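**Student:** What follows is the file protein-v6.cif, containing mmCIF, C-alpha atoms:
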```
data_upload
loop_
_atom_site.group_PDB
_atom_site.id
_atom_site.type_symbol
_atom_site.label_atom_id
_atom_site.label_comp_id
_atom_site.auth_asym_id
_atom_site.auth_seq_id
_atom_site.Cartn_x
_atom_site.Cartn_y
_atom_site.Cartn_z
ATOM 1 C CA MET A 1 57.359 -19.765 -36.141
ATOM 2 C CA ALA A 2 55.956 -16.433 -37.374
ATOM 3 C CA LEU A 3 57.119 -13.666 -39.653
ATOM 4 C CA SER A 4 56.802 -10.093 -38.482
ATOM 5 C CA SER A 5 53.983 -8.170 -40.128
ATOM 6 C CA ARG A 6 55.803 -4.942 -39.402
ATOM 7 C CA GLY A 7 59.089 -5.747 -41.144
ATOM 8 C CA ALA A 8 59.873 -6.601 -44.704
ATOM 9 C CA GLY A 9 59.487 -10.347 -44.098
ATOM 10 C CA LEU A 10 60.087 -12.091 -47.426
ATOM 11 C CA ARG A 11 59.000 -9.135 -49.503
ATOM 12 C CA GLY A 12 62.436 -7.539 -49.590
ATOM 13 C CA LEU A 13 64.202 -10.662 -50.847
ATOM 14 C CA ARG A 14 65.047 -11.412 -54.449
ATOM 15 C CA PRO A 15 62.863 -14.146 -55.991
ATOM 16 C CA GLY A 16 65.518 -16.835 -55.732
ATOM 17 C CA HIS A 17 66.364 -15.929 -52.161
ATOM 18 C CA ALA A 18 62.679 -15.844 -51.210
ATOM 19 C CA ALA A 19 62.198 -19.369 -52.543
ATOM 20 C CA VAL A 20 65.137 -20.614 -50.487
ATOM 21 C CA ALA A 21 63.828 -18.864 -47.377
ATOM 22 C CA LEU A 22 60.396 -20.398 -47.797
ATOM 23 C CA ALA A 23 61.900 -23.843 -48.218
ATOM 24 C CA LEU A 24 63.965 -23.433 -45.057
ATOM 25 C CA LEU A 25 60.906 -22.201 -43.197
ATOM 26 C CA ALA A 26 58.920 -25.258 -44.252
ATOM 27 C CA VAL A 27 61.691 -27.596 -43.136
ATOM 28 C CA ALA A 28 61.995 -25.818 -39.810
ATOM 29 C CA CYS A 29 58.253 -26.093 -39.203
ATOM 30 C CA ASP A 30 58.250 -29.796 -40.069
ATOM 31 C CA MET A 31 61.008 -30.378 -37.541
ATOM 32 C CA MET A 32 59.262 -28.541 -34.728
ATOM 33 C CA PRO A 33 57.818 -30.839 -32.046
ATOM 34 C CA PRO A 34 54.134 -30.523 -31.239
ATOM 35 C CA PRO A 35 53.280 -28.118 -28.396
ATOM 36 C CA ASN A 36 54.289 -29.441 -24.963
ATOM 37 C CA GLY A 37 56.113 -32.393 -26.529
ATOM 38 C CA PRO A 38 59.390 -33.750 -25.192
ATOM 39 C CA PRO A 39 62.500 -32.138 -26.706
ATOM 40 C CA GLY A 40 63.040 -33.538 -30.174
ATOM 41 C CA SER A 41 59.639 -35.197 -30.277
ATOM 42 C CA PRO A 42 58.393 -35.586 -33.865
ATOM 43 C CA ALA A 43 54.835 -34.857 -34.874
ATOM 44 C CA PRO A 44 52.504 -37.804 -34.090
ATOM 45 C CA PHE A 45 52.586 -40.351 -36.928
ATOM 46 C CA LYS A 46 50.745 -43.479 -35.769
ATOM 47 C CA LEU A 47 48.556 -44.251 -32.747
ATOM 48 C CA SER A 48 48.121 -47.530 -30.894
ATOM 49 C CA GLY A 49 46.450 -48.541 -27.657
ATOM 50 C CA ILE A 50 46.700 -51.129 -24.904
ATOM 51 C CA GLY A 51 43.406 -51.686 -23.137
ATOM 52 C CA ASP A 52 40.220 -53.581 -22.484
ATOM 53 C CA SER A 53 36.537 -53.285 -23.369
ATOM 54 C CA MET A 54 36.479 -49.592 -22.475
ATOM 55 C CA MET A 55 38.971 -48.978 -25.272
ATOM 56 C CA GLN A 56 36.771 -51.108 -27.543
ATOM 57 C CA GLY A 57 33.706 -48.944 -26.876
ATOM 58 C CA ALA A 58 31.828 -51.979 -25.589
ATOM 59 C CA ASN A 59 28.094 -51.503 -24.976
ATOM 60 C CA ALA A 60 28.377 -47.740 -25.253
ATOM 61 C CA SER A 61 24.990 -47.432 -26.963
ATOM 62 C CA ALA A 62 24.226 -50.973 -28.151
ATOM 63 C CA LEU A 63 25.274 -54.497 -27.281
ATOM 64 C CA GLY A 64 28.816 -55.455 -28.278
ATOM 65 C CA GLU A 65 32.020 -53.682 -29.174
ATOM 66 C CA GLN A 66 31.511 -50.296 -30.802
ATOM 67 C CA LEU A 67 34.911 -49.107 -31.902
ATOM 68 C CA GLN A 68 33.413 -45.933 -33.334
ATOM 69 C CA HIS A 69 32.536 -44.870 -29.769
ATOM 70 C CA SER A 70 35.946 -45.659 -28.256
ATOM 71 C CA PHE A 71 37.525 -42.762 -26.377
ATOM 72 C CA ALA A 72 40.877 -43.697 -27.910
ATOM 73 C CA GLN A 73 40.317 -45.021 -31.436
ATOM 74 C CA GLY A 74 36.760 -43.951 -32.209
ATOM 75 C CA THR A 75 35.555 -42.041 -35.245
ATOM 76 C CA SER A 76 32.183 -40.804 -33.970
ATOM 77 C CA PRO A 77 31.864 -37.008 -33.624
ATOM 78 C CA ASN A 78 29.823 -37.694 -30.487
ATOM 79 C CA VAL A 79 32.991 -38.897 -28.774
ATOM 80 C CA SER A 80 35.815 -36.843 -30.328
ATOM 81 C CA SER A 81 38.385 -39.529 -29.597
ATOM 82 C CA ILE A 82 42.138 -39.157 -29.248
ATOM 83 C CA PHE A 83 42.487 -40.474 -32.798
ATOM 84 C CA SER A 84 39.941 -38.003 -34.181
ATOM 85 C CA ARG A 85 41.550 -35.070 -32.396
ATOM 86 C CA TYR A 86 45.007 -35.870 -33.742
ATOM 87 C CA GLN A 87 43.658 -36.302 -37.257
ATOM 88 C CA ALA A 88 41.784 -33.004 -37.077
ATOM 89 C CA LEU A 89 45.169 -31.354 -36.502
ATOM 90 C CA GLY A 90 46.675 -33.078 -39.529
ATOM 91 C CA PHE A 91 48.620 -35.691 -37.536
ATOM 92 C CA LEU A 92 48.689 -39.512 -37.688
ATOM 93 C CA ALA A 93 49.541 -39.972 -41.342
ATOM 94 C CA GLY A 94 50.269 -43.590 -40.392
ATOM 95 C CA GLY A 95 46.780 -44.062 -39.001
ATOM 96 C CA LYS A 96 46.038 -46.323 -36.046
ATOM 97 C CA GLU A 97 46.617 -49.956 -35.077
ATOM 98 C CA PHE A 98 45.254 -50.927 -31.676
ATOM 99 C CA VAL A 99 45.949 -54.135 -29.773
ATOM 100 C CA SER A 100 43.331 -53.640 -27.035
ATOM 101 C CA VAL A 101 41.110 -56.638 -26.228
ATOM 102 C CA SER A 102 37.853 -56.833 -24.295
ATOM 103 C CA GLY A 103 38.317 -58.601 -20.982
ATOM 104 C CA ALA A 104 42.022 -57.812 -20.725
ATOM 105 C CA GLN A 105 43.686 -57.247 -17.364
ATOM 106 C CA MET A 106 46.819 -55.451 -16.287
ATOM 107 C CA VAL A 107 47.929 -58.598 -14.442
ATOM 108 C CA GLY A 108 48.129 -61.990 -16.124
ATOM 109 C CA GLY A 109 46.124 -63.720 -18.798
ATOM 110 C CA ALA A 110 46.485 -64.053 -22.543
ATOM 111 C CA ASN A 111 45.950 -60.318 -23.078
ATOM 112 C CA SER A 112 47.785 -58.756 -20.148
ATOM 113 C CA ALA A 113 49.481 -55.384 -20.395
ATOM 114 C CA ALA A 114 52.832 -57.043 -21.101
ATOM 115 C CA VAL A 115 51.358 -59.308 -23.787
ATOM 116 C CA GLN A 116 49.690 -56.385 -25.527
ATOM 117 C CA ALA A 117 52.913 -54.378 -25.329
ATOM 118 C CA GLY A 118 54.683 -57.240 -27.064
ATOM 119 C CA ARG A 119 52.105 -57.136 -29.855
ATOM 120 C CA ILE A 120 52.833 -53.480 -30.413
ATOM 121 C CA CYS A 121 56.517 -54.310 -30.735
ATOM 122 C CA GLN A 122 55.603 -56.836 -33.446
ATOM 123 C CA GLN A 123 53.784 -54.319 -35.643
ATOM 124 C CA ALA A 124 55.395 -53.831 -39.031
ATOM 125 C CA VAL A 125 55.170 -50.050 -38.706
ATOM 126 C CA LYS A 126 55.685 -49.087 -35.089
ATOM 127 C CA PRO A 127 53.481 -46.420 -33.503
ATOM 128 C CA ASP A 128 54.990 -43.313 -31.960
ATOM 129 C CA ARG A 129 51.967 -42.617 -29.749
ATOM 130 C CA VAL A 130 50.502 -45.256 -27.427
ATOM 131 C CA VAL A 131 47.698 -44.868 -24.897
ATOM 132 C CA LEU A 132 47.212 -47.436 -22.128
ATOM 133 C CA LEU A 133 44.143 -47.983 -19.961
ATOM 134 C CA LEU A 134 43.836 -51.202 -17.983
ATOM 135 C CA GLY A 135 42.943 -52.227 -14.442
ATOM 136 C CA ALA A 136 39.150 -52.322 -14.221
ATOM 137 C CA ASN A 137 39.073 -56.067 -14.895
ATOM 138 C CA ASP A 138 41.788 -56.617 -12.303
ATOM 139 C CA VAL A 139 39.151 -55.469 -9.824
ATOM 140 C CA CYS A 140 36.044 -56.920 -11.456
ATOM 141 C CA ASN A 141 37.504 -60.405 -11.902
ATOM 142 C CA ARG A 142 38.336 -60.844 -8.230
ATOM 143 C CA PRO A 143 35.610 -62.580 -6.214
ATOM 144 C CA THR A 144 36.261 -60.766 -2.926
ATOM 145 C CA VAL A 145 38.077 -57.725 -1.581
ATOM 146 C CA ALA A 146 40.527 -60.004 0.187
ATOM 147 C CA GLU A 147 41.521 -61.466 -3.179
ATOM 148 C CA LEU A 148 42.276 -58.177 -4.916
ATOM 149 C CA HIS A 149 45.782 -58.046 -6.358
ATOM 150 C CA PRO A 150 48.388 -56.575 -4.021
ATOM 151 C CA VAL A 151 49.642 -53.193 -5.206
ATOM 152 C CA ASP A 152 53.106 -54.622 -5.868
ATOM 153 C CA THR A 153 51.630 -57.256 -8.190
ATOM 154 C CA PHE A 154 49.788 -54.568 -10.137
ATOM 155 C CA ARG A 155 52.929 -52.430 -10.356
ATOM 156 C CA THR A 156 55.095 -55.322 -11.512
ATOM 157 C CA ALA A 157 52.693 -56.094 -14.359
ATOM 158 C CA LEU A 158 52.680 -52.468 -15.509
ATOM 159 C CA LYS A 159 56.461 -52.211 -15.217
ATOM 160 C CA GLU A 160 56.906 -55.239 -17.473
ATOM 161 C CA ALA A 161 54.703 -53.641 -20.133
ATOM 162 C CA LEU A 162 56.422 -50.247 -19.964
ATOM 163 C CA ASP A 163 59.899 -51.773 -20.024
ATOM 164 C CA THR A 164 58.883 -53.813 -23.064
ATOM 165 C CA LEU A 165 57.786 -50.673 -24.905
ATOM 166 C CA GLY A 166 60.840 -48.699 -23.833
ATOM 167 C CA ALA A 167 63.425 -51.309 -24.757
ATOM 168 C CA PRO A 168 65.433 -50.664 -27.960
ATOM 169 C CA ALA A 169 64.494 -54.160 -29.107
ATOM 170 C CA CYS A 170 60.855 -53.075 -29.351
ATOM 171 C CA GLY A 171 61.786 -50.543 -31.999
ATOM 172 C CA LEU A 172 59.444 -47.680 -31.165
ATOM 173 C CA PRO A 173 60.590 -44.535 -33.017
ATOM 174 C CA GLU A 174 62.781 -41.964 -31.326
ATOM 175 C CA GLY A 175 60.646 -39.573 -29.349
ATOM 176 C CA ALA A 176 57.713 -42.014 -29.102
ATOM 177 C CA TRP A 177 55.303 -41.243 -26.299
ATOM 178 C CA VAL A 178 53.265 -43.589 -24.090
ATOM 179 C CA HIS A 179 50.441 -42.088 -22.014
ATOM 180 C CA VAL A 180 49.126 -44.258 -19.168
ATOM 181 C CA LEU A 181 45.647 -43.440 -17.889
ATOM 182 C CA SER A 182 44.734 -44.096 -14.280
ATOM 183 C CA VAL A 183 42.276 -46.833 -13.362
ATOM 184 C CA PRO A 184 38.703 -45.506 -13.135
ATOM 185 C CA ARG A 185 36.911 -45.892 -9.812
ATOM 186 C CA VAL A 186 34.669 -48.757 -10.828
ATOM 187 C CA ASP A 187 33.513 -49.041 -7.215
ATOM 188 C CA ARG A 188 31.301 -46.026 -7.931
ATOM 189 C CA LEU A 189 29.515 -47.564 -10.907
ATOM 190 C CA ARG A 190 26.875 -49.270 -8.774
ATOM 191 C CA GLY A 191 25.894 -45.952 -7.264
ATOM 192 C CA ALA A 192 25.785 -44.378 -10.722
ATOM 193 C CA GLY A 193 23.372 -47.076 -11.893
ATOM 194 C CA LEU A 194 21.171 -46.637 -8.852
ATOM 195 C CA ALA A 195 21.069 -42.886 -9.487
ATOM 196 C CA LYS A 196 19.339 -43.344 -12.844
ATOM 197 C CA ASP A 197 15.666 -42.534 -13.253
ATOM 198 C CA PRO A 198 13.229 -45.158 -11.863
ATOM 199 C CA VAL A 199 13.057 -47.081 -15.130
ATOM 200 C CA GLY A 200 16.845 -47.097 -15.370
ATOM 201 C CA VAL A 201 17.279 -48.281 -11.802
ATOM 202 C CA ALA A 202 14.870 -51.157 -12.350
ATOM 203 C CA GLN A 203 16.771 -52.090 -15.500
ATOM 204 C CA CYS A 204 20.126 -52.012 -13.724
ATOM 205 C CA LEU A 205 18.866 -54.123 -10.831
ATOM 206 C CA ALA A 206 17.464 -56.664 -13.285
ATOM 207 C CA ILE A 207 20.724 -56.837 -15.225
ATOM 208 C CA TRP A 208 22.847 -57.168 -12.129
ATOM 209 C CA SER A 209 20.678 -59.981 -10.778
ATOM 210 C CA THR A 210 20.824 -62.059 -13.958
ATOM 211 C CA ILE A 211 24.309 -61.614 -15.424
ATOM 212 C CA SER A 212 27.744 -61.792 -13.894
ATOM 213 C CA ILE A 213 29.237 -58.402 -14.624
ATOM 214 C CA CYS A 214 31.721 -57.056 -12.096
ATOM 215 C CA THR A 215 29.879 -58.821 -9.287
ATOM 216 C CA ILE A 216 32.387 -57.599 -6.708
ATOM 217 C CA ILE A 217 30.784 -54.195 -7.318
ATOM 218 C CA THR A 218 27.283 -54.743 -8.675
ATOM 219 C CA ARG A 219 26.205 -57.252 -6.010
ATOM 220 C CA GLU A 220 27.799 -55.446 -3.107
ATOM 221 C CA THR A 221 25.451 -53.420 -0.908
ATOM 222 C CA ASP A 222 27.850 -52.547 1.907
ATOM 223 C CA GLN A 223 29.330 -49.119 1.227
ATOM 224 C CA ALA A 224 32.230 -49.840 3.565
ATOM 225 C CA VAL A 225 33.279 -52.730 1.323
ATOM 226 C CA LEU A 226 32.968 -50.560 -1.784
ATOM 227 C CA ASP A 227 35.099 -47.929 -0.078
ATOM 228 C CA ARG A 228 37.814 -50.527 0.550
ATOM 229 C CA ILE A 229 37.779 -51.385 -3.145
ATOM 230 C CA GLY A 230 38.039 -47.689 -4.004
ATOM 231 C CA ALA A 231 40.997 -47.299 -1.664
ATOM 232 C CA ARG A 232 42.765 -50.185 -3.403
ATOM 233 C CA ILE A 233 42.160 -48.564 -6.802
ATOM 234 C CA ASP A 234 43.662 -45.328 -5.484
ATOM 235 C CA ALA A 235 46.673 -47.314 -4.302
ATOM 236 C CA TYR A 236 46.966 -48.934 -7.732
ATOM 237 C CA ASN A 237 47.025 -45.483 -9.283
ATOM 238 C CA GLN A 238 49.658 -44.215 -6.888
ATOM 239 C CA GLY A 239 51.795 -47.195 -7.853
ATOM 240 C CA LEU A 240 50.991 -46.654 -11.512
ATOM 241 C CA ALA A 241 52.323 -43.090 -11.344
ATOM 242 C CA ALA A 242 55.508 -44.288 -9.671
ATOM 243 C CA GLU A 243 56.105 -46.900 -12.372
ATOM 244 C CA VAL A 244 55.446 -44.384 -15.150
ATOM 245 C CA ALA A 245 57.984 -41.996 -13.616
ATOM 246 C CA ALA A 246 60.525 -44.795 -13.297
ATOM 247 C CA ALA A 247 59.981 -45.865 -16.908
ATOM 248 C CA ASP A 248 60.426 -42.322 -18.160
ATOM 249 C CA ALA A 249 63.643 -41.983 -16.183
ATOM 250 C CA ALA A 250 64.923 -45.279 -17.582
ATOM 251 C CA HIS A 251 63.843 -44.911 -21.204
ATOM 252 C CA GLY A 252 62.921 -41.296 -21.857
ATOM 253 C CA GLY A 253 66.272 -39.700 -22.510
ATOM 254 C CA THR A 254 67.142 -37.860 -25.689
ATOM 255 C CA GLY A 255 65.651 -39.835 -28.545
ATOM 256 C CA GLY A 256 64.091 -42.317 -26.140
ATOM 257 C CA VAL A 257 60.526 -43.352 -25.381
ATOM 258 C CA HIS A 258 58.677 -40.975 -23.076
ATOM 259 C CA PHE A 259 56.109 -42.049 -20.477
ATOM 260 C CA THR A 260 53.461 -39.897 -18.812
ATOM 261 C CA THR A 261 50.236 -40.400 -16.849
ATOM 262 C CA ASP A 262 47.112 -38.431 -16.091
ATOM 263 C CA TRP A 263 47.281 -39.301 -12.374
ATOM 264 C CA VAL A 264 48.276 -36.385 -10.132
ATOM 265 C CA GLY A 265 46.743 -37.574 -6.842
ATOM 266 C CA THR A 266 43.322 -38.161 -5.355
ATOM 267 C CA THR A 267 41.890 -34.666 -5.829
ATOM 268 C CA ALA A 268 38.520 -35.033 -7.510
ATOM 269 C CA ASP A 269 38.135 -34.508 -11.258
ATOM 270 C CA THR A 270 41.839 -34.333 -12.086
ATOM 271 C CA SER A 271 42.168 -37.665 -13.924
ATOM 272 C CA ALA A 272 40.284 -40.704 -15.153
ATOM 273 C CA GLY A 273 40.948 -42.295 -11.780
ATOM 274 C CA THR A 274 39.345 -39.521 -9.744
ATOM 275 C CA TYR A 275 36.155 -38.927 -11.720
ATOM 276 C CA ALA A 276 32.935 -39.969 -9.974
ATOM 277 C CA PHE A 277 30.745 -41.474 -12.685
ATOM 278 C CA GLY A 278 27.168 -40.221 -12.815
ATOM 279 C CA PRO A 279 24.005 -41.919 -14.093
ATOM 280 C CA ALA A 280 24.471 -40.586 -17.640
ATOM 281 C CA ASP A 281 27.964 -42.087 -17.747
ATOM 282 C CA VAL A 282 26.769 -45.672 -17.291
ATOM 283 C CA SER A 283 25.634 -47.647 -20.326
ATOM 284 C CA ASN A 284 21.922 -48.389 -20.559
ATOM 285 C CA VAL A 285 22.869 -51.736 -22.084
ATOM 286 C CA ASP A 286 24.610 -53.275 -19.058
ATOM 287 C CA CYS A 287 24.691 -50.556 -16.379
ATOM 288 C CA PHE A 288 28.449 -50.903 -16.164
ATOM 289 C CA HIS A 289 30.430 -49.925 -19.257
ATOM 290 C CA PRO A 290 30.944 -46.270 -20.167
ATOM 291 C CA SER A 291 28.142 -44.742 -22.199
ATOM 292 C CA VAL A 292 28.850 -42.536 -25.203
ATOM 293 C CA THR A 293 28.762 -39.603 -22.782
ATOM 294 C CA ALA A 294 31.404 -41.213 -20.577
ATOM 295 C CA GLN A 295 33.532 -42.199 -23.577
ATOM 296 C CA ARG A 296 33.537 -38.542 -24.619
ATOM 297 C CA LYS A 297 34.685 -37.534 -21.139
ATOM 298 C CA LEU A 298 37.437 -40.156 -21.123
ATOM 299 C CA ALA A 299 38.629 -38.925 -24.521
ATOM 300 C CA CYS A 300 38.775 -35.370 -23.224
ATOM 301 C CA ILE A 301 40.606 -36.385 -20.038
ATOM 302 C CA ALA A 302 43.172 -38.368 -22.010
ATOM 303 C CA TRP A 303 43.700 -35.501 -24.445
ATOM 304 C CA GLU A 304 43.917 -32.736 -21.858
ATOM 305 C CA THR A 305 46.487 -34.646 -19.795
ATOM 306 C CA TRP A 306 48.676 -35.636 -22.760
ATOM 307 C CA GLU A 307 50.974 -33.665 -25.020
ATOM 308 C CA LEU A 308 48.605 -31.066 -26.472
ATOM 309 C CA GLY A 309 46.298 -30.600 -23.493
ATOM 310 C CA SER A 310 45.925 -27.922 -20.854
ATOM 311 C CA ARG A 311 45.268 -30.369 -17.953
ATOM 312 C CA ASP A 312 41.877 -28.728 -17.437
ATOM 313 C CA VAL A 313 40.177 -32.026 -16.655
ATOM 314 C CA ALA A 314 37.309 -30.346 -14.841
ATOM 315 C CA ALA A 315 36.270 -28.674 -18.124
ATOM 316 C CA CYS A 316 35.944 -32.151 -19.670
ATOM 317 C CA LEU A 317 33.358 -33.127 -17.130
ATOM 318 C CA ARG A 318 31.001 -30.174 -17.263
#
```
Let me see whether you can do it: turn the structure in this file into structure tokens.

**Tutor:**
Amino acid sequence: MALSSRGAGLRGLRPGHAAVALALLAVACDMMPPPNGPPGSPAPFKLSGIGDSMMQGANASALGEQLQHSFAQGTSPNVSSIFSRYQALGFLAGGKEFVSVSGAQMVGGANSAAVQAGRICQQAVKPDRVVLLLGANDVCNRPTVAELHPVDTFRTALKEALDTLGAPACGLPEGAWVHVLSVPRVDRLRGAGLAKDPVGVAQCLAIWSTISICTIITRETDQAVLDRIGARIDAYNQGLAAEVAAADAAHGGTGGVHFTTDWVGTTADTSAGTYAFGPADVSNVDCFHPSVTAQRKLACIAWETWELGSRDVAACLR
């Protein structure tokens, strides 16, 4: 809301009237939703996240979880996380409270998407912004391509989580917003490791031969098999987008909980799920997890495809 610089603005009002006008202006501005927000959406108050080790910043620059380097909840200026970006705009007075857990999957287990969603519903002060990124472990924890989860199983697990968050019983504030990021193409991480400089390649090969980290990818040398895994991830993301749309239709009415996703199809560099990781994006610690560079890119992708972004994902990756 702006006042004309060419008219009298508040200058022509009597002192008492000017004070009233300023007060009304302040109230009106406070009530305005953030740019691109759903109708009636309040300014972001508190952020939470459902995710796995990527959301925990694991091994980004050193061994172990490094929350400061998380694309979602980090505080490092080298990442410029979702949390940091909101705070820089004066939002998130309620801070952050994440429920993400390293090793979590979308489907099943003690920290599944649905379980984490339930933990959000149990928070004393509910968040009104939630980011979700799961699915990599649903691929990495399967021993063979034949044992990958069917797409319907993946969709059902996501639907349960989204319905939990959208239900009135959960208690998310009116106008709350859940942004679901597409599953990254982890099938390309082996190639990214092998594209490092000679020292880096030797390190990656040594790590992959001695530790069990996403062996369905790191120990696979047949590109045709990796391509089949990539095709399944694409199918997961197509199903993910369908479930997000269904959840928004079911729960996102006036005053409801809104659901969006970054996934817009398989065109390259339009979402987290279509980015082809390069050698600089793979951690030097384990040749698998996102490096600080990749965490910064994920933060940018999430931001640009959410409420205040321009959807210029390609700019995030330059």

**Student:** Using all atoms listed in the file, what does the table of range 173-292 of chain A residues within 12 Å of range 300-318 of chain A look like, with each row giving the shortest atom pair and its distance in Å to one decimal, sorted by chain and ascending number, as a Markdown table?

**Tutor:**
```
| residue | atom | partner | partner_atom | distance |
| --- | --- | --- | --- | --- |
| A:Ala176 | CA | A:Glu307 | CA | 11.5 |
| A:Trp177 | CA | A:Glu307 | CA | 8.8 |
| A:Val178 | CA | A:Trp306 | CA | 9.3 |
| A:His179 | CA | A:Trp306 | CA | 6.7 |
| A:Val180 | CA | A:Ala302 | CA | 8.8 |
| A:Leu181 | CA | A:Ala302 | CA | 7.0 |
| A:Ser182 | CA | A:Ala302 | CA | 9.7 |
| A:Pro184 | CA | A:Ile301 | CA | 11.6 |
| A:His258 | CA | A:Glu307 | CA | 10.8 |
| A:Phe259 | CA | A:Trp306 | CA | 10.1 |
| A:Thr260 | CA | A:Trp306 | CA | 7.5 |
| A:Thr261 | CA | A:Thr305 | CA | 7.5 |
| A:Asp262 | CA | A:Thr305 | CA | 5.3 |
| A:Trp263 | CA | A:Thr305 | CA | 8.8 |
| A:Val264 | CA | A:Thr305 | CA | 10.0 |
| A:Thr267 | CA | A:Ala314 | CA | 11.0 |
| A:Ala268 | CA | A:Ala314 | CA | 8.8 |
| A:Asp269 | CA | A:Ala314 | CA | 5.6 |
| A:Thr270 | CA | A:Val313 | CA | 5.4 |
| A:Ser271 | CA | A:Ile301 | CA | 6.4 |
| A:Ala272 | CA | A:Ile301 | CA | 6.5 |
| A:Gly273 | CA | A:Ile301 | CA | 10.2 |
| A:Thr274 | CA | A:Val313 | CA | 10.2 |
| A:Tyr275 | CA | A:Leu317 | CA | 8.4 |
| A:Ala276 | CA | A:Leu317 | CA | 9.9 |
| A:Phe277 | CA | A:Leu317 | CA | 9.8 |
| A:Gly278 | CA | A:Leu317 | CA | 10.4 |
| A:Ala280 | CA | A:Leu317 | CA | 11.6 |
| A:Asp281 | CA | A:Leu317 | CA | 10.5 |
```

**Student:** Taking the file as I've supplied it (selection: the PyMOL selection byres ((chain A and resi 230-245) around 7)), which residues are included? Please answer as a PDB file with C-alpha atoms, in the frame of the given file.

**Tutor:**
```pdb
ATOM      1  CA  VAL A 151      49.642 -53.193  -5.206  1.00  0.00           C
ATOM      2  CA  PHE A 154      49.788 -54.568 -10.137  1.00  0.00           C
ATOM      3  CA  ARG A 155      52.929 -52.430 -10.356  1.00  0.00           C
ATOM      4  CA  LYS A 159      56.461 -52.211 -15.217  1.00  0.00           C
ATOM      5  CA  SER A 182      44.734 -44.096 -14.280  1.00  0.00           C
ATOM      6  CA  VAL A 183      42.276 -46.833 -13.362  1.00  0.00           C
ATOM      7  CA  ARG A 185      36.911 -45.892  -9.812  1.00  0.00           C
ATOM      8  CA  ASP A 187      33.513 -49.041  -7.215  1.00  0.00           C
ATOM      9  CA  LEU A 226      32.968 -50.560  -1.784  1.00  0.00           C
ATOM     10  CA  ASP A 227      35.099 -47.929  -0.078  1.00  0.00           C
ATOM     11  CA  ARG A 228      37.814 -50.527   0.550  1.00  0.00           C
ATOM     12  CA  ILE A 229      37.779 -51.385  -3.145  1.00  0.00           C
ATOM     13  CA  ALA A 246      60.525 -44.795 -13.297  1.00  0.00           C
ATOM     14  CA  ALA A 247      59.981 -45.865 -16.908  1.00  0.00           C
ATOM     15  CA  ASP A 248      60.426 -42.322 -18.160  1.00  0.00           C
ATOM     16  CA  ALA A 249      63.643 -41.983 -16.183  1.00  0.00           C
ATOM     17  CA  PHE A 259      56.109 -42.049 -20.477  1.00  0.00           C
ATOM     18  CA  THR A 260      53.461 -39.897 -18.812  1.00  0.00           C
ATOM     19  CA  THR A 261      50.236 -40.400 -16.849  1.00  0.00           C
ATOM     20  CA  TRP A 263      47.281 -39.301 -12.374  1.00  0.00           C
TER      21      TRP A 263
END
```

**Student:** Taking only C-alpha atoms into account, name the residue in A:Val130, A:Leu162, A:Val285, A:Val101 that is nearest to Ser61 in chain A.

**Tutor:**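 Residue with the minimum atom-to-atom distance to Ser61 in chain A: A:Val285.
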
**Student:** Which polymer residues have any atom within 12 Å of an atom of range 62-77 of chain A, counting only C-alpha atoms, with same-chain residues fewer than 5 positions away left out, as a PyMOL selection string?

**Tutor:** chain A and resi 46-57+82-88+92+95-103+129-133+179+181+272+283-287+289-303

**Student:** Applied to this file, what does the PyMOL selection byres ((chain A and resi 125) around 10) return in terms of residues, put as a list in words?

**Tutor:**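 So the PyMOL selection byres ((chain A and resi 125) around 10) ends up selecting Lys46, Gly94, Glu97, Ile120, Cys121, Gln122, Gln123, Ala124, Lys126, Pro127, Asp128, Gly171, Leu172 and Pro173 of chain A.
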
**Student:** Leaving out Ser209 in chain A and any residue of its chain fewer than 6 positions from it, which residues lie within 12 Å of it when counting all atoms listed in the file, given as a PDB file with C-alpha atoms, in the frame of the given file?

**Tutor:**
```
ATOM      1  CA  ALA A 202      14.870 -51.157 -12.350  1.00  0.00           C
ATOM      2  CA  GLN A 203      16.771 -52.090 -15.500  1.00  0.00           C
ATOM      3  CA  THR A 215      29.879 -58.821  -9.287  1.00  0.00           C
ATOM      4  CA  THR A 218      27.283 -54.743  -8.675  1.00  0.00           C
ATOM      5  CA  ARG A 219      26.205 -57.252  -6.010  1.00  0.00           C
ATOM      6  CA  GLU A 220      27.799 -55.446  -3.107  1.00  0.00           C
ATOM      7  CA  ASP A 286      24.610 -53.275 -19.058  1.00  0.00           C
ATOM      8  CA  CYS A 287      24.691 -50.556 -16.379  1.00  0.00           C
TER       9      CYS A 287
END
```

**Student:** How would you write, as a list in words, the residues chosen by the PyMOL selection byres ((chain A and resi 108) around 12) on this structure?

**Tutor:** Gly103, Ala104, Gln105, Met106, Val107, Gly109, Ala110, Asn111, Ser112, Ala113, Ala114, Val115, Gln116, Leu134, Gly135, Asn137, Asp138, Asn141, His149, Thr153, Phe154, Thr156, Ala157, Leu158, Glu160 and Ala161 of chain A

**Student:** Quote the spacing between CA of Asn78 in chain A and CA of Gly90 in chain A in Å to one decimal place.

**Tutor:** 19.7 Å

**Student:** Quick one, how far is CA of Thr164 in chain A from CA of Leu148 in chain A?

**Tutor:**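 Atom-to-atom, CA of Thr164 in chain A to CA of Leu148 in chain A, that is 25.0 Å.
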
**Student:** What does the distance between CA of Gly175 in chain A and CA of Val257 in chain A come to in Å, to one decimal place?

**Tutor:** 5.5 Å

**Student:** Please provide the set of residues having any atom within 7 Å of Ile216 in chain A, restricted to all atoms listed in the file, with same-chain residues fewer than 5 positions apart removed, written as a ChimeraX atom specification.

**Tutor:** /A:140,142-144

**Student:** Could you please take those selected residues and save C-alpha atoms as a PDB file, keeping the file's coordinate frame?

**Tutor:**
```pdb
ATOM      1  CA  CYS A 140      36.044 -56.920 -11.456  1.00  0.00           C
ATOM      2  CA  ARG A 142      38.336 -60.844  -8.230  1.00  0.00           C
ATOM      3  CA  PRO A 143      35.610 -62.580  -6.214  1.00  0.00           C
ATOM      4  CA  THR A 144      36.261 -60.766  -2.926  1.00  0.00           C
TER       5      THR A 144
END
```
